[in-house]
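Okay, target.cif now, which holds mmCIF, C-alpha atoms:
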```cif
data_start
loop_
_atom_site.group_PDB
_atom_site.id
_atom_site.type_symbol
_atom_site.label_atom_id
_atom_site.label_comp_id
_atom_site.auth_asym_id
_atom_site.auth_seq_id
_atom_site.Cartn_x
_atom_site.Cartn_y
_atom_site.Cartn_z
ATOM 1 C CA MET A 22 -38.040 24.245 6.807
ATOM 2 C CA ILE A 23 -40.103 27.428 6.514
ATOM 3 C CA GLU A 24 -38.487 30.696 7.611
ATOM 4 C CA PRO A 25 -40.300 32.040 10.674
ATOM 5 C CA LYS A 26 -42.230 35.293 10.424
ATOM 6 C CA THR A 27 -42.660 35.586 14.202
ATOM 7 C CA ILE A 28 -40.557 34.794 17.240
ATOM 8 C CA ASN A 29 -43.298 32.498 18.571
ATOM 9 C CA PHE A 30 -43.025 30.269 15.489
ATOM 10 C CA ALA A 31 -39.240 30.058 15.944
ATOM 11 C CA LEU A 32 -39.553 29.207 19.630
ATOM 12 C CA ASP A 33 -41.804 26.261 18.759
ATOM 13 C CA HIS A 34 -39.107 24.607 16.584
ATOM 14 C CA SER A 35 -35.878 23.244 18.029
ATOM 15 C CA ASP A 36 -33.838 23.935 14.858
ATOM 16 C CA TRP A 37 -34.626 27.637 15.043
ATOM 17 C CA MET A 38 -34.076 27.736 18.800
ATOM 18 C CA HIS A 39 -30.627 26.195 18.208
ATOM 19 C CA ALA A 40 -29.871 28.861 15.555
ATOM 20 C CA MET A 41 -30.921 31.619 17.974
ATOM 21 C CA GLN A 42 -28.738 30.170 20.729
ATOM 22 C CA ASP A 43 -25.784 29.976 18.321
ATOM 23 C CA GLU A 44 -26.231 33.673 17.501
ATOM 24 C CA LEU A 45 -26.338 34.627 21.183
ATOM 25 C CA ASN A 46 -23.245 32.506 21.913
ATOM 26 C CA GLU A 47 -21.390 34.177 19.031
ATOM 27 C CA LEU A 48 -22.267 37.649 20.325
ATOM 28 C CA VAL A 49 -20.959 36.706 23.766
ATOM 29 C CA ARG A 50 -17.803 35.140 22.283
ATOM 30 C CA LYS A 51 -17.036 38.299 20.306
ATOM 31 C CA LYS A 52 -17.824 40.431 23.365
ATOM 32 C CA ALA A 53 -20.254 42.400 21.208
ATOM 33 C CA TRP A 54 -22.541 43.113 24.121
ATOM 34 C CA ARG A 55 -23.184 42.570 27.779
ATOM 35 C CA LEU A 56 -26.353 42.854 29.803
ATOM 36 C CA ILE A 57 -26.467 45.618 32.382
ATOM 37 C CA PRO A 58 -29.265 47.124 34.468
ATOM 38 C CA THR A 59 -31.042 49.896 32.566
ATOM 39 C CA PRO A 60 -30.189 53.334 33.982
ATOM 40 C CA PRO A 61 -33.324 55.401 34.717
ATOM 41 C CA GLU A 62 -32.435 58.148 32.203
ATOM 42 C CA ALA A 63 -31.518 55.764 29.353
ATOM 43 C CA SER A 64 -33.684 55.004 26.355
ATOM 44 C CA VAL A 65 -33.856 51.320 25.477
ATOM 45 C CA VAL A 66 -33.036 50.353 21.903
ATOM 46 C CA CYS A 67 -35.258 47.553 20.649
ATOM 47 C CA LEU A 68 -33.964 44.377 19.026
ATOM 48 C CA LYS A 69 -35.536 41.986 16.580
ATOM 49 C CA TRP A 70 -34.707 38.541 15.227
ATOM 50 C CA GLY A 71 -34.112 37.943 11.543
ATOM 51 C CA PHE A 72 -34.426 34.395 10.228
ATOM 52 C CA CYS A 73 -33.293 32.799 6.974
ATOM 53 C CA ASN A 74 -32.399 29.400 5.592
ATOM 54 C CA LYS A 75 -28.977 28.777 4.072
ATOM 55 C CA LEU A 76 -29.494 26.736 0.898
ATOM 56 C CA ASP A 77 -27.229 24.612 -1.306
ATOM 57 C CA LYS A 78 -27.238 24.598 -5.134
ATOM 58 C CA GLN A 79 -30.258 22.269 -5.232
ATOM 59 C CA PHE A 80 -32.122 24.605 -2.833
ATOM 60 C CA ASN A 81 -31.992 22.148 0.054
ATOM 61 C CA VAL A 82 -31.738 23.694 3.507
ATOM 62 C CA ILE A 83 -28.179 23.382 4.819
ATOM 63 C CA ARG A 84 -28.779 25.229 8.070
ATOM 64 C CA ASN A 85 -31.029 27.743 9.724
ATOM 65 C CA LYS A 86 -29.587 31.176 10.454
ATOM 66 C CA ALA A 87 -30.889 33.594 13.050
ATOM 67 C CA ARG A 88 -29.551 37.130 13.474
ATOM 68 C CA LEU A 89 -30.260 39.471 16.366
ATOM 69 C CA VAL A 90 -30.306 43.029 15.047
ATOM 70 C CA VAL A 91 -31.125 46.479 16.357
ATOM 71 C CA LYS A 92 -34.220 48.174 15.043
ATOM 72 C CA GLY A 93 -32.246 51.005 13.496
ATOM 73 C CA TYR A 94 -35.276 53.173 12.856
ATOM 74 C CA CYS A 95 -35.797 53.412 16.641
ATOM 75 C CA GLN A 96 -32.393 55.024 17.260
ATOM 76 C CA GLU A 97 -31.485 58.702 17.423
ATOM 77 C CA GLU A 98 -27.938 59.924 16.837
ATOM 78 C CA CYS A 99 -26.187 61.301 19.967
ATOM 79 C CA ILE A 100 -28.919 59.751 22.137
ATOM 80 C CA ASP A 101 -28.688 56.021 21.401
ATOM 81 C CA TYR A 102 -25.259 56.078 19.726
ATOM 82 C CA LYS A 103 -22.394 58.490 19.167
ATOM 83 C CA GLU A 104 -20.745 56.963 16.115
ATOM 84 C CA SER A 105 -21.261 54.101 13.710
ATOM 85 C CA PHE A 106 -18.694 51.801 12.175
ATOM 86 C CA THR A 107 -18.309 48.793 9.949
ATOM 87 C CA PRO A 108 -16.924 45.665 11.590
ATOM 88 C CA GLY A 109 -13.461 44.628 10.490
ATOM 89 C CA ALA A 110 -12.628 41.538 8.498
ATOM 90 C CA ARG A 111 -12.280 38.276 10.382
ATOM 91 C CA LEU A 112 -8.793 36.831 10.603
ATOM 92 C CA GLU A 113 -9.877 33.708 8.692
ATOM 93 C CA SER A 114 -10.983 35.885 5.766
ATOM 94 C CA VAL A 115 -7.652 37.694 5.700
ATOM 95 C CA ARG A 116 -5.757 34.384 5.734
ATOM 96 C CA ILE A 117 -7.804 33.017 2.821
ATOM 97 C CA PHE A 118 -7.275 36.230 0.882
ATOM 98 C CA LEU A 119 -3.501 36.172 1.456
ATOM 99 C CA ALA A 120 -3.281 32.488 0.512
ATOM 100 C CA TYR A 121 -5.096 33.187 -2.773
ATOM 101 C CA VAL A 122 -2.905 36.224 -3.490
ATOM 102 C CA SER A 123 0.216 34.160 -2.835
ATOM 103 C CA HIS A 124 -1.021 31.352 -5.076
ATOM 104 C CA LYS A 125 -1.707 33.772 -7.971
ATOM 105 C CA ASN A 126 1.486 35.847 -7.376
ATOM 106 C CA PHE A 127 -0.508 39.079 -7.035
ATOM 107 C CA LYS A 128 0.825 42.204 -5.331
ATOM 108 C CA VAL A 129 -0.992 43.361 -2.199
ATOM 109 C CA PHE A 130 -0.929 46.961 -0.995
ATOM 110 C CA GLN A 131 -2.034 47.955 2.487
ATOM 111 C CA MET A 132 -2.972 51.386 3.729
ATOM 112 C CA ASP A 133 -4.602 53.026 6.699
ATOM 113 C CA VAL A 134 -7.861 54.263 5.214
ATOM 114 C CA LYS A 135 -8.869 56.259 8.266
ATOM 115 C CA CYS A 136 -5.671 58.298 8.267
ATOM 116 C CA ALA A 137 -5.367 58.511 4.501
ATOM 117 C CA PHE A 138 -8.901 59.644 3.677
ATOM 118 C CA LEU A 139 -10.590 60.958 6.796
ATOM 119 C CA ASN A 140 -7.908 62.943 8.607
ATOM 120 C CA ALA A 141 -5.658 64.398 5.901
ATOM 121 C CA GLU A 142 -5.746 66.497 2.757
ATOM 122 C CA LEU A 143 -5.285 64.339 -0.328
ATOM 123 C CA GLN A 144 -2.510 65.324 -2.713
ATOM 124 C CA GLU A 145 -3.496 62.965 -5.528
ATOM 125 C CA THR A 146 -6.662 61.788 -7.214
ATOM 126 C CA VAL A 147 -8.022 58.573 -5.761
#
```
Just give me the structure of the file as structure tokens.
Amino acid sequence: MIEPKTINFALDHSDWMHAMQDELNELVRKKAWRLIPTPPEASVVCLKWGFCNKLDKQFNVIRNKARLVVKGYCQEECIDYKESFTPGARLESVRIFLAYVSHKNFKVFQMDVKCAFLNAELQETV
């Protein structure tokens, strides 16, 4: 199926509507957002949908993916956000990684990056 260029095209096709609903359900499940009334002094950050097809090795469509993202170019630091961060790894990813490490008998080292690099003077070359 063709990747939509507009939201209207996506809304006309049930596969894309299902992908959009899955994305919204996932955001709610992760408690990534909640709808609240807009305060009068607040600036509203715009969102947009991104669409893509997930393909197999023969380039057949496996599933449609829809992502709801913030239009980052519309934001201003200290007005729309105070800090930015990278989401952490999902628990399933960590389990797969540890299973592979165990299978290959590798050593795993863990450290607190925030404390080690951001809040302290380094004594050694990294």
Option closest in space to Trp37 in chain A, from A:Asn81, A:Lys86, A:Ile57, A:Trp70 [counting only C-alpha atoms]: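 Nearest to Trp37 in chain A: A:Lys86.
Our summary of the geometry notes that CA of Lys75 in chain A is positioned 10.4 Å from CA of Ala87 in chain A.
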Using Å and a single decimal, report how far CA of Arg116 in chain A sits from CA of Cys73 in chain A. 27.6 Å
Would you work out the distance separating CA of Val66 in chain A from CA of Arg84 in chain A, expressed in Å to one decimal?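 Computing the Euclidean distance for CA of Val66 in chain A and CA of Arg84 in chain A yields 29.0 Å.
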As a check of understanding, name the residues that the PyMOL selection byres ((chain A and resi 25-27) around 12) selects in the supplied structure, as a PDB file with C-alpha atoms, in the coordinates of the input.
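Saved as selection.pdb:
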```
ATOM      1  CA  MET A  22     -38.040  24.245   6.807  1.00  0.00           C
ATOM      2  CA  ILE A  23     -40.103  27.428   6.514  1.00  0.00           C
ATOM      3  CA  GLU A  24     -38.487  30.696   7.611  1.00  0.00           C
ATOM      4  CA  ILE A  28     -40.557  34.794  17.240  1.00  0.00           C
ATOM      5  CA  ASN A  29     -43.298  32.498  18.571  1.00  0.00           C
ATOM      6  CA  PHE A  30     -43.025  30.269  15.489  1.00  0.00           C
ATOM      7  CA  ALA A  31     -39.240  30.058  15.944  1.00  0.00           C
ATOM      8  CA  LEU A  32     -39.553  29.207  19.630  1.00  0.00           C
ATOM      9  CA  ASP A  33     -41.804  26.261  18.759  1.00  0.00           C
ATOM     10  CA  HIS A  34     -39.107  24.607  16.584  1.00  0.00           C
ATOM     11  CA  ASP A  36     -33.838  23.935  14.858  1.00  0.00           C
ATOM     12  CA  TRP A  37     -34.626  27.637  15.043  1.00  0.00           C
ATOM     13  CA  MET A  38     -34.076  27.736  18.800  1.00  0.00           C
ATOM     14  CA  ALA A  40     -29.871  28.861  15.555  1.00  0.00           C
ATOM     15  CA  MET A  41     -30.921  31.619  17.974  1.00  0.00           C
ATOM     16  CA  LYS A  69     -35.536  41.986  16.580  1.00  0.00           C
ATOM     17  CA  TRP A  70     -34.707  38.541  15.227  1.00  0.00           C
ATOM     18  CA  GLY A  71     -34.112  37.943  11.543  1.00  0.00           C
ATOM     19  CA  PHE A  72     -34.426  34.395  10.228  1.00  0.00           C
ATOM     20  CA  CYS A  73     -33.293  32.799   6.974  1.00  0.00           C
ATOM     21  CA  ASN A  74     -32.399  29.400   5.592  1.00  0.00           C
ATOM     22  CA  ASN A  85     -31.029  27.743   9.724  1.00  0.00           C
ATOM     23  CA  LYS A  86     -29.587  31.176  10.454  1.00  0.00           C
ATOM     24  CA  ALA A  87     -30.889  33.594  13.050  1.00  0.00           C
TER      25      ALA A  87
END
```
Identify, on the basis of only C-alpha atoms, every residue whose closest approach to Leu68 in chain A does not exceed 6 Å; exclude the query and any residue fewer than 6 positions from it along the same chain; express the result as number ranges by chain. A: 90-92
